[in-house]
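Below is the file start_36.txt, which contains compact mmCIF, C-alpha atoms and all ligand atoms.
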```
# COMPACT_ATOMS: atom_id res chain seq x y z
CA MET A 16 98.52 181.04 -11.62
CA VAL A 17 99.35 180.52 -7.94
CA THR A 18 98.75 183.76 -6.09
CA ALA A 19 98.54 183.05 -2.36
CA SER A 20 100.89 180.27 -1.36
CA TRP A 21 99.05 177.10 -0.48
CA GLU A 22 101.54 176.52 2.34
CA SER A 23 99.79 179.17 4.38
CA PHE A 24 96.71 176.91 4.62
CA ILE A 25 98.56 173.88 6.01
CA ASP A 26 98.42 175.10 9.64
CA GLU A 27 94.69 175.65 9.50
CA ALA A 28 94.08 172.25 7.92
CA ALA A 29 96.39 170.52 10.42
CA ALA A 30 94.57 172.16 13.35
CA LEU A 31 91.24 170.81 12.06
CA VAL A 32 92.69 167.33 11.63
CA ALA A 33 94.42 167.33 15.02
CA ARG A 34 91.29 168.27 16.96
CA ALA A 35 88.86 166.04 15.04
CA ARG A 36 87.47 162.89 16.68
CA TYR A 37 87.24 160.77 13.55
CA VAL A 38 89.19 161.64 10.41
CA VAL A 39 88.47 159.92 7.11
CA ALA A 40 90.20 160.54 3.78
CA LEU A 41 88.65 160.30 0.32
CA THR A 42 91.05 159.99 -2.61
CA GLY A 43 90.79 159.78 -6.38
CA ALA A 44 92.61 159.83 -9.68
CA GLY A 45 94.73 162.91 -8.87
CA LEU A 46 96.80 160.81 -6.48
CA SER A 47 97.34 158.08 -9.06
CA VAL A 48 98.30 160.58 -11.75
CA GLU A 49 101.15 161.71 -9.50
CA SER A 50 102.39 158.10 -9.62
CA GLY A 51 102.36 158.15 -13.41
CA ILE A 52 99.02 156.42 -13.95
CA PRO A 53 97.08 158.17 -16.69
CA PRO A 54 93.56 159.32 -15.83
CA PHE A 55 90.66 157.92 -17.82
CA ARG A 56 89.22 161.24 -18.87
CA GLY A 57 90.63 164.69 -19.55
CA PRO A 58 93.87 165.64 -21.33
CA GLY A 59 96.12 162.61 -21.83
CA GLY A 60 93.33 160.36 -20.53
CA LEU A 61 93.18 156.79 -21.78
CA TRP A 62 89.61 157.11 -22.96
CA THR A 63 90.21 160.54 -24.40
CA LYS A 64 92.89 158.97 -26.60
CA HIS A 65 91.24 155.63 -27.34
CA GLY A 66 87.51 156.29 -26.95
CA GLU A 67 85.18 155.42 -24.09
CA PRO A 68 84.80 151.72 -23.32
CA PRO A 69 81.31 150.22 -23.62
CA MET A 70 79.06 151.37 -20.81
CA ASN A 71 77.68 147.86 -20.36
CA GLY A 72 80.96 146.14 -19.46
CA TYR A 73 79.38 144.20 -16.62
CA GLN A 74 76.50 142.93 -18.76
CA ARG A 75 79.02 141.83 -21.37
CA PHE A 76 80.97 139.99 -18.69
CA LEU A 77 77.82 138.22 -17.50
CA ALA A 78 76.87 137.29 -21.05
CA ASP A 79 80.28 135.76 -21.77
CA PRO A 80 82.52 135.39 -18.70
CA GLN A 81 84.95 133.12 -20.53
CA GLY A 82 85.44 135.60 -23.38
CA ALA A 83 85.85 138.45 -20.89
CA TRP A 84 88.54 136.47 -19.04
CA ARG A 85 90.39 135.71 -22.29
CA GLU A 86 90.41 139.43 -23.07
CA ARG A 87 91.68 140.20 -19.59
CA LEU A 88 94.51 137.69 -19.88
CA ASN A 89 95.48 138.91 -23.29
CA PRO A 90 94.65 142.59 -23.24
CA SER A 91 95.19 144.83 -26.23
CA GLY A 92 95.05 148.55 -26.93
CA PRO A 93 94.37 150.89 -24.02
CA MET A 94 93.84 148.06 -21.53
CA ARG A 95 97.31 146.71 -22.17
CA GLU A 96 98.77 150.19 -21.75
CA LEU A 97 96.87 150.63 -18.47
CA TRP A 98 97.82 147.17 -17.21
CA GLU A 99 101.54 147.70 -17.84
CA THR A 100 101.45 151.14 -16.21
CA LEU A 101 99.68 149.77 -13.13
CA GLN A 102 102.28 147.08 -12.69
CA ARG A 103 105.13 149.61 -12.80
CA ALA A 104 103.52 152.29 -10.61
CA GLN A 105 104.90 153.05 -7.15
CA PRO A 106 103.27 154.92 -4.25
CA ASN A 107 104.15 158.62 -4.08
CA PRO A 108 104.68 160.83 -0.99
CA GLY A 109 100.93 161.54 -0.87
CA HIS A 110 100.13 157.83 -0.45
CA ARG A 111 102.85 157.50 2.19
CA ALA A 112 101.63 160.55 4.13
CA LEU A 113 98.13 159.05 4.40
CA ALA A 114 99.60 155.74 5.59
CA ALA A 115 101.61 157.68 8.22
CA LEU A 116 98.45 159.47 9.39
CA GLU A 117 96.79 156.09 9.88
CA GLU A 118 99.84 154.67 11.61
CA CYS A 119 99.80 157.41 14.25
CA GLY A 120 96.11 156.84 14.94
CA VAL A 121 94.73 160.00 13.34
CA LEU A 122 93.27 158.65 10.11
CA ARG A 123 90.55 156.07 10.78
CA CYS A 124 89.67 155.05 7.25
CA LEU A 125 90.66 155.80 3.68
CA ILE A 126 87.99 155.67 1.01
CA THR A 127 89.50 155.56 -2.46
CA GLN A 128 88.14 155.52 -5.97
CA ASN A 129 91.49 154.24 -7.25
CA VAL A 130 91.97 150.59 -8.20
CA ASP A 131 95.76 150.70 -8.44
CA ASP A 132 96.64 149.14 -5.05
CA LEU A 133 99.04 152.01 -4.28
CA HIS A 134 97.46 152.90 -0.92
CA ARG A 135 97.93 149.31 0.23
CA ALA A 136 101.47 149.30 -1.14
CA ALA A 137 102.19 152.46 0.86
CA GLY A 138 100.99 150.77 4.07
CA SER A 139 97.36 151.88 4.45
CA ARG A 140 95.29 149.14 6.10
CA ARG A 141 91.81 150.51 6.79
CA LEU A 142 90.79 150.91 3.19
CA ALA A 143 87.50 151.05 1.39
CA GLU A 144 88.17 150.63 -2.33
CA ILE A 145 84.90 151.75 -3.90
CA HIS A 146 85.87 150.71 -7.41
CA GLY A 147 87.75 147.60 -6.34
CA ASN A 148 91.42 146.67 -6.57
CA TYR A 149 92.99 145.46 -9.80
CA THR A 150 95.19 142.90 -7.98
CA LEU A 151 92.16 141.12 -6.50
CA ILE A 152 89.60 138.69 -7.91
CA ARG A 153 86.03 138.74 -6.54
CA CYS A 154 83.19 136.23 -6.58
CA ILE A 155 80.13 137.81 -8.18
CA GLU A 156 77.88 135.55 -6.07
CA CYS A 157 79.19 135.70 -2.49
CA GLY A 158 81.60 138.66 -2.76
CA GLN A 159 84.63 136.71 -1.48
CA ARG A 160 87.91 138.30 -2.64
CA TYR A 161 91.09 136.44 -3.57
CA PRO A 162 94.60 137.68 -4.39
CA GLY A 163 95.02 137.35 -8.16
CA GLU A 164 97.93 134.95 -7.84
CA ALA A 165 95.89 132.58 -5.63
CA VAL A 166 93.36 131.89 -8.38
CA SER A 167 94.01 129.13 -10.92
CA LEU A 168 93.24 130.24 -14.46
CA ASP A 169 93.55 126.77 -15.98
CA GLU A 170 89.81 126.76 -16.57
CA LEU A 171 87.95 129.91 -17.55
CA PRO A 172 86.04 131.45 -15.99
CA PRO A 173 87.60 130.59 -12.62
CA ARG A 174 85.19 129.59 -9.84
CA CYS A 175 84.88 130.61 -6.20
CA ALA A 176 86.34 128.05 -3.77
CA ALA A 177 83.69 129.05 -1.22
CA CYS A 178 80.48 128.92 -3.26
CA GLY A 179 81.31 127.87 -6.83
CA GLY A 180 80.23 131.26 -8.21
CA ILE A 181 81.93 132.87 -11.19
CA LEU A 182 85.01 134.95 -10.35
CA LYS A 183 85.65 138.35 -11.89
CA SER A 184 88.26 141.05 -11.46
CA ASP A 185 87.52 143.04 -8.27
CA THR A 186 87.71 146.20 -10.39
CA VAL A 187 84.15 147.48 -10.73
CA SER A 188 83.07 147.46 -14.39
CA PHE A 189 80.75 149.89 -16.07
CA GLY A 190 77.20 148.84 -15.27
CA GLU A 191 78.30 146.84 -12.23
CA PRO A 192 76.91 147.77 -8.82
CA ILE A 193 79.44 148.90 -6.21
CA PRO A 194 79.99 145.82 -3.98
CA ALA A 195 77.54 146.04 -1.09
CA ASP A 196 80.13 145.41 1.65
CA VAL A 197 82.33 148.33 0.53
CA LEU A 198 79.39 150.67 0.10
CA GLN A 199 78.11 149.80 3.57
CA GLN A 200 81.56 150.41 5.06
CA CYS A 201 81.76 153.83 3.33
CA PHE A 202 78.37 154.93 4.65
CA GLU A 203 79.32 153.87 8.18
CA GLU A 204 82.65 155.70 8.02
CA ALA A 205 81.09 158.85 6.59
CA GLU A 206 78.52 158.74 9.40
CA ARG A 207 81.22 158.69 12.10
CA CYS A 208 83.48 161.17 10.34
CA ASP A 209 83.77 164.76 11.63
CA CYS A 210 86.68 165.74 9.39
CA MET A 211 87.22 164.50 5.85
CA ILE A 212 90.37 165.06 3.82
CA VAL A 213 89.40 165.03 0.14
CA ALA A 214 92.57 164.60 -1.93
CA GLY A 215 93.06 164.34 -5.67
CA THR A 216 89.39 164.09 -6.52
CA SER A 217 86.63 166.49 -7.42
CA ALA A 218 84.24 163.91 -5.92
CA THR A 219 81.57 164.49 -8.53
CA VAL A 220 80.91 160.84 -9.35
CA TYR A 221 78.40 158.84 -7.32
CA PRO A 222 78.80 157.30 -4.75
CA ALA A 223 81.96 159.18 -3.71
CA ALA A 224 80.22 162.51 -4.24
CA GLN A 225 77.83 162.03 -1.41
CA PHE A 226 80.29 161.18 1.39
CA PRO A 227 81.80 164.67 1.79
CA ILE A 228 78.38 166.24 1.41
CA SER A 229 76.93 164.08 4.19
CA VAL A 230 79.91 164.90 6.45
CA ARG A 231 79.33 168.60 5.81
CA GLU A 232 75.60 168.33 6.42
CA ARG A 233 76.23 166.88 9.86
CA GLY A 234 78.55 169.75 10.74
CA GLY A 235 81.90 168.07 9.95
CA ALA A 236 84.82 169.88 8.33
CA LEU A 237 86.04 169.25 4.80
CA ILE A 238 89.64 169.80 3.76
CA GLU A 239 90.27 169.78 0.02
CA ILE A 240 93.67 169.09 -1.48
CA ASN A 241 93.49 169.55 -5.22
CA PRO A 242 95.39 171.69 -7.73
CA TYR A 243 92.02 172.57 -9.24
CA GLU A 244 88.87 174.10 -7.87
CA SER A 245 85.95 171.68 -7.72
CA GLU A 246 82.23 171.68 -7.03
CA LEU A 247 83.17 170.76 -3.48
CA THR A 248 85.35 173.84 -2.93
CA PRO A 249 82.54 176.10 -1.62
CA LEU A 250 81.73 173.50 1.07
CA CYS A 251 85.31 173.17 2.30
CA ALA A 252 86.68 174.70 5.51
CA VAL A 253 90.13 174.76 3.89
CA SER A 254 91.12 174.28 0.25
CA ILE A 255 94.77 173.63 -0.48
CA ARG A 256 95.52 174.22 -4.17
CA ALA A 257 98.44 171.85 -4.54
CA PRO A 258 99.29 168.34 -5.71
CA ALA A 259 98.52 165.75 -3.01
CA GLY A 260 102.09 164.46 -3.20
CA GLU A 261 103.35 167.84 -1.99
CA ALA A 262 100.59 168.94 0.39
CA LEU A 263 99.80 165.67 2.21
CA PRO A 264 103.33 165.13 3.58
CA ARG A 265 103.33 168.72 4.87
CA LEU A 266 99.92 168.24 6.45
CA SER A 267 100.87 164.93 8.02
CA ALA A 268 104.10 166.37 9.46
CA ARG A 269 102.28 169.38 10.89
CA VAL A 270 99.59 167.17 12.49
CA ALA A 271 102.33 165.10 14.12
CA GLU A 272 103.93 168.28 15.52
CA LEU A 273 100.61 169.49 16.94
CA ARG A 274 100.01 166.11 18.57
CA ARG A 275 103.47 166.06 20.12
CA ALA A 276 102.92 169.59 21.45
CA GLY A 277 99.50 168.56 22.80
CA HIS A 278 100.93 165.59 24.67
CA ALA A 279 103.94 167.52 25.99
ZN ZN A 301 81.65 132.81 -3.91
```
Rendering of file as C-alpha cells:
Amino acid sequence: MVTASWESFIDEAAALVARARYVVALTGAGLSVESGIPPFRGPGGLWTKHGEPPMNGYQRFLADPQGAWRERLNPSGPMRELWETLQRAQPNPGHRALAALEECGVLRCLITQNVDDLHRAAGSRRLAEIHGNYTLIRCIECGQRYPGEAVSLDELPPRCAACGGILKSDTVSFGEPIPADVLQQCFEEAERCDCMIVAGTSATVYPAAQFPISVRERGGALIEINPYESELTPLCAVSIRAPAGEALPRLSARVAELRRAGHA
C-alpha cells in the first residue's frame, strides 16, 4: 500500500515547524489506539462491538446523578472494558515526542480529543482536553476540576467544595456541551497558530474540525500525520502517511536538529 516512503516528507514538515511562530498540535483517537486503547467506532471499536451508547447521556446524568455515579463506580459491559484498558495504558513514542516539542519551546499548545490522560502522563503541560480527562471530576455548575482521588464518594452524587454543585466525570458525555473554558482556550490557540500538526485524527467531528480549517483560512500551514487520508488532506501542506508513534519522534528529532543548526 505504501508507495512513496513517508520518511521523505519529514524534512519538509520539520522545516515548516521550525520556522513557524506559534505551533499547535491537534490529536485524536489514532494516538490512543497506538497505546492499545480501542477506538469507539470502526473495526474493533467498542461501540461497533457493543452498540452505540445513548445519545442523551448528559440528560440522563442530570435526571439521575446518583444512579449515573453508581453505574460509573460499578461499570459493566463495554464501560468496564474501556475503564480497565485506560488504567493499563501507557504513553507511546508519539505522546513523548509531542511533550519533547513542548519542552524545547516549539509546541505552544496541544489540543486533544482524547480523554485518556496519556499526554499528561508523557509530560505535556499546555493541554486543552476538548472531551475532558477521565481521571478528573468536574463541577457542572462552576466548572472547577478535581483529581478523582481527591473527591470523597461516601455520598453520591459528590458535591463541589467551591460551590456545592453536583460533580460529574470531566469526560464530556453525549449531549453535554464542551466546557466553555476549554473551548475558549482552543479558539484562542487556533487564532494565534500559524502551523498546526494534526496527528491521529481525521478532525471531522465538531469542534475539533474547525480549528485546522481556521488556521488554514488565515494562511497557516497544516501538517497531517495519519496512516489514512482524511477530509483534511487536501488542505495540508504536508501529509505524512504513518502512525503518529513512528512519525512524531522523527519529526521532533529533525526539528531539534534544525534549531541547533539555526543557533550554531
Ligand atoms: Zn462548583
Residues contacting ligand ZN 301 (chain A) - anything with an atom at most 6 Å away, using only C-alpha atoms and all ligand atoms - can you give me those as a PyMOL selection string?
chain A and resi 154+156-159+175+177-180
Selected residue of minimal separation from Lys64 (chain A) among A:Gly277, A:Gly92, A:Pro106, A:Pro258, counting all atoms listed in the file:
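Nearest to Lys64 (chain A): A:Gly92.
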To one decimal place in Å, what is the distance between CA of Arg103 (chain A) and CA of Asp169 (chain A)?
25.8 Å
To one decimal place, how far is CA of Leu247 (chain A) from CA of Gln200 (chain A) in Å?
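Answer for the CA of Leu247 (chain A) to CA of Gln200 (chain A) separation: 22.1 Å.
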Produce the centre coordinates and the three edge lengths, each in Å to one decimal, of the box along x, y and z that contains all listed atoms of region 244-252 of chain A with 8 Å added on each side, as lines of an AutoDock Vina configuration file.
```
center_x = 85.3
center_y = 173.4
center_z = -1.2
size_x = 23.1
size_y = 21.3
size_z = 29.4
```
Measuring between all atoms listed in the file, which one of A:Met70, A:Ala205, A:Glu261, A:Arg87 shows the shortest distance to Leu168 (chain A)?
A:Arg87
Neighbours of region 238-242 of chain A within 9 Å (all atoms listed in the file; same-chain residues fewer than 2 positions away dropped), as a count of residues only?
28
Set the distance at 10 Å and use all atoms listed in the file: which residues neighbour Leu133 (chain A) once local chain neighbours fewer than 5 positions away are removed? I'd like the list as a VMD selection string.
chain A and resid 46 to 47 50 101 104 to 107 110 to 111 138 to 139 148
Between CA of Arg231 (chain A) and CA of Cys208 (chain A), measure the distance and give it in Å to one decimal.
9.6 Å
Distance criterion (all atoms listed in the file): nearest to Tyr73 (chain A) out of A:Val187, A:Arg265, A:Arg274, A:Glu204
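Ranking A:Val187, A:Arg265, A:Arg274, A:Glu204 by distance to Tyr73 (chain A), first place goes to A:Val187.
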Closest to Pro68 (chain A) among A:Leu171, A:Val48, A:Pro93, A:Tyr243, using all atoms listed in the file?
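Of A:Leu171, A:Val48, A:Pro93, A:Tyr243, the one nearest Pro68 (chain A), counting all atoms listed in the file, is A:Pro93.
Using all atoms listed in the file for every distance, the candidate list A:Ile181, A:Ile52, A:Ile228, A:Leu41 yields A:Ile52 as the residue closest to Glu99 (chain A).
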Using all atoms listed in the file, find the one residue out of A:Leu266, A:Glu272, A:Ile152, A:His65 that sits nearest to Trp21 (chain A).
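Ranked by minimum distance to Trp21 (chain A), first place goes to A:Leu266.
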Long-range neighbours of Glu86 (chain A) as a PyMOL selection string, 12 Å cut-off, all atoms listed in the file, 5 positions minimum in chain:
chain A and resi 75-76+79-81+91-92+94-95+171-172+184
Leaving out Thr186 (chain A) and any residue of its chain fewer than 3 positions from it, which residues lie within 7 Å of it when counting all atoms listed in the file, given as a CSV table (one decimal) with C-alpha atoms, in the coordinates of the input?
```
chain,number,residue,atom,x,y,z
A,130,VAL,CA,92.0,150.6,-8.2
A,146,HIS,CA,85.9,150.7,-7.4
A,147,GLY,CA,87.8,147.6,-6.3
A,148,ASN,CA,91.4,146.7,-6.6
A,149,TYR,CA,93.0,145.5,-9.8
```
Glu67 (chain A) environment, 9 Å, all atoms listed in the file, sequence neighbours closer than 6 positions dropped, as a ChimeraX atom specification:
/A:55-56,61
Reconstructed region 24-47 of chain A, atom set N, CA and C atoms, as a PDB file, in the coordinates of the input:
```pdb
ATOM      1  N   PHE A  24      97.943 177.557   4.164  1.00  0.00           N
ATOM      2  CA  PHE A  24      96.710 176.910   4.620  1.00  0.00           C
ATOM      3  C   PHE A  24      96.969 175.598   5.377  1.00  0.00           C
ATOM      4  N   ILE A  25      98.237 175.167   5.370  1.00  0.00           N
ATOM      5  CA  ILE A  25      98.560 173.880   6.010  1.00  0.00           C
ATOM      6  C   ILE A  25      98.257 173.914   7.516  1.00  0.00           C
ATOM      7  N   ASP A  26      98.632 175.009   8.187  1.00  0.00           N
ATOM      8  CA  ASP A  26      98.420 175.100   9.640  1.00  0.00           C
ATOM      9  C   ASP A  26      96.950 174.965   9.992  1.00  0.00           C
ATOM     10  N   GLU A  27      96.123 175.670   9.225  1.00  0.00           N
ATOM     11  CA  GLU A  27      94.690 175.650   9.500  1.00  0.00           C
ATOM     12  C   GLU A  27      94.123 174.245   9.302  1.00  0.00           C
ATOM     13  N   ALA A  28      94.546 173.615   8.207  1.00  0.00           N
ATOM     14  CA  ALA A  28      94.080 172.250   7.920  1.00  0.00           C
ATOM     15  C   ALA A  28      94.566 171.287   9.006  1.00  0.00           C
ATOM     16  N   ALA A  29      95.819 171.422   9.410  1.00  0.00           N
ATOM     17  CA  ALA A  29      96.390 170.520  10.420  1.00  0.00           C
ATOM     18  C   ALA A  29      95.666 170.686  11.752  1.00  0.00           C
ATOM     19  N   ALA A  30      95.293 171.915  12.095  1.00  0.00           N
ATOM     20  CA  ALA A  30      94.570 172.160  13.350  1.00  0.00           C
ATOM     21  C   ALA A  30      93.223 171.443  13.327  1.00  0.00           C
ATOM     22  N   LEU A  31      92.537 171.504  12.186  1.00  0.00           N
ATOM     23  CA  LEU A  31      91.240 170.810  12.060  1.00  0.00           C
ATOM     24  C   LEU A  31      91.414 169.310  12.218  1.00  0.00           C
ATOM     25  N   VAL A  32      92.440 168.773  11.559  1.00  0.00           N
ATOM     26  CA  VAL A  32      92.690 167.330  11.630  1.00  0.00           C
ATOM     27  C   VAL A  32      93.048 166.920  13.054  1.00  0.00           C
ATOM     28  N   ALA A  33      93.926 167.703  13.690  1.00  0.00           N
ATOM     29  CA  ALA A  33      94.420 167.330  15.020  1.00  0.00           C
ATOM     30  C   ALA A  33      93.317 167.350  16.066  1.00  0.00           C
ATOM     31  N   ARG A  34      92.313 168.227  15.906  1.00  0.00           N
ATOM     32  CA  ARG A  34      91.290 168.270  16.960  1.00  0.00           C
ATOM     33  C   ARG A  34      90.031 167.473  16.600  1.00  0.00           C
ATOM     34  N   ALA A  35      90.023 166.840  15.431  1.00  0.00           N
ATOM     35  CA  ALA A  35      88.860 166.040  15.040  1.00  0.00           C
ATOM     36  C   ALA A  35      88.828 164.731  15.838  1.00  0.00           C
ATOM     37  N   ARG A  36      87.631 164.174  15.996  1.00  0.00           N
ATOM     38  CA  ARG A  36      87.470 162.890  16.680  1.00  0.00           C
ATOM     39  C   ARG A  36      87.712 161.730  15.715  1.00  0.00           C
ATOM     40  N   TYR A  37      87.242 161.907  14.477  1.00  0.00           N
ATOM     41  CA  TYR A  37      87.240 160.770  13.550  1.00  0.00           C
ATOM     42  C   TYR A  37      87.517 161.277  12.140  1.00  0.00           C
ATOM     43  N   VAL A  38      88.756 161.113  11.710  1.00  0.00           N
ATOM     44  CA  VAL A  38      89.190 161.640  10.410  1.00  0.00           C
ATOM     45  C   VAL A  38      89.136 160.526   9.358  1.00  0.00           C
ATOM     46  N   VAL A  39      88.531 160.846   8.242  1.00  0.00           N
ATOM     47  CA  VAL A  39      88.470 159.920   7.110  1.00  0.00           C
ATOM     48  C   VAL A  39      89.025 160.646   5.894  1.00  0.00           C
ATOM     49  N   ALA A  40      89.712 159.929   5.019  1.00  0.00           N
ATOM     50  CA  ALA A  40      90.200 160.540   3.780  1.00  0.00           C
ATOM     51  C   ALA A  40      89.448 159.938   2.593  1.00  0.00           C
ATOM     52  N   LEU A  41      89.260 160.750   1.578  1.00  0.00           N
ATOM     53  CA  LEU A  41      88.650 160.300   0.320  1.00  0.00           C
ATOM     54  C   LEU A  41      89.624 160.680  -0.795  1.00  0.00           C
ATOM     55  N   THR A  42      90.073 159.688  -1.565  1.00  0.00           N
ATOM     56  CA  THR A  42      91.050 159.990  -2.610  1.00  0.00           C
ATOM     57  C   THR A  42      90.545 159.540  -3.984  1.00  0.00           C
ATOM     58  N   GLY A  43      91.166 160.115  -5.017  1.00  0.00           N
ATOM     59  CA  GLY A  43      90.790 159.780  -6.380  1.00  0.00           C
ATOM     60  C   GLY A  43      91.960 159.898  -7.333  1.00  0.00           C
ATOM     61  N   ALA A  44      91.627 159.967  -8.607  1.00  0.00           N
ATOM     62  CA  ALA A  44      92.610 159.830  -9.680  1.00  0.00           C
ATOM     63  C   ALA A  44      93.811 160.764  -9.568  1.00  0.00           C
ATOM     64  N   GLY A  45      93.621 161.959  -8.981  1.00  0.00           N
ATOM     65  CA  GLY A  45      94.730 162.910  -8.870  1.00  0.00           C
ATOM     66  C   GLY A  45      95.946 162.295  -8.191  1.00  0.00           C
ATOM     67  N   LEU A  46      95.698 161.449  -7.202  1.00  0.00           N
ATOM     68  CA  LEU A  46      96.800 160.810  -6.480  1.00  0.00           C
ATOM     69  C   LEU A  46      97.524 159.799  -7.369  1.00  0.00           C
ATOM     70  N   SER A  47      96.754 159.079  -8.160  1.00  0.00           N
ATOM     71  CA  SER A  47      97.340 158.080  -9.060  1.00  0.00           C
ATOM     72  C   SER A  47      98.151 158.754 -10.171  1.00  0.00           C
TER      73      SER A  47
END
```
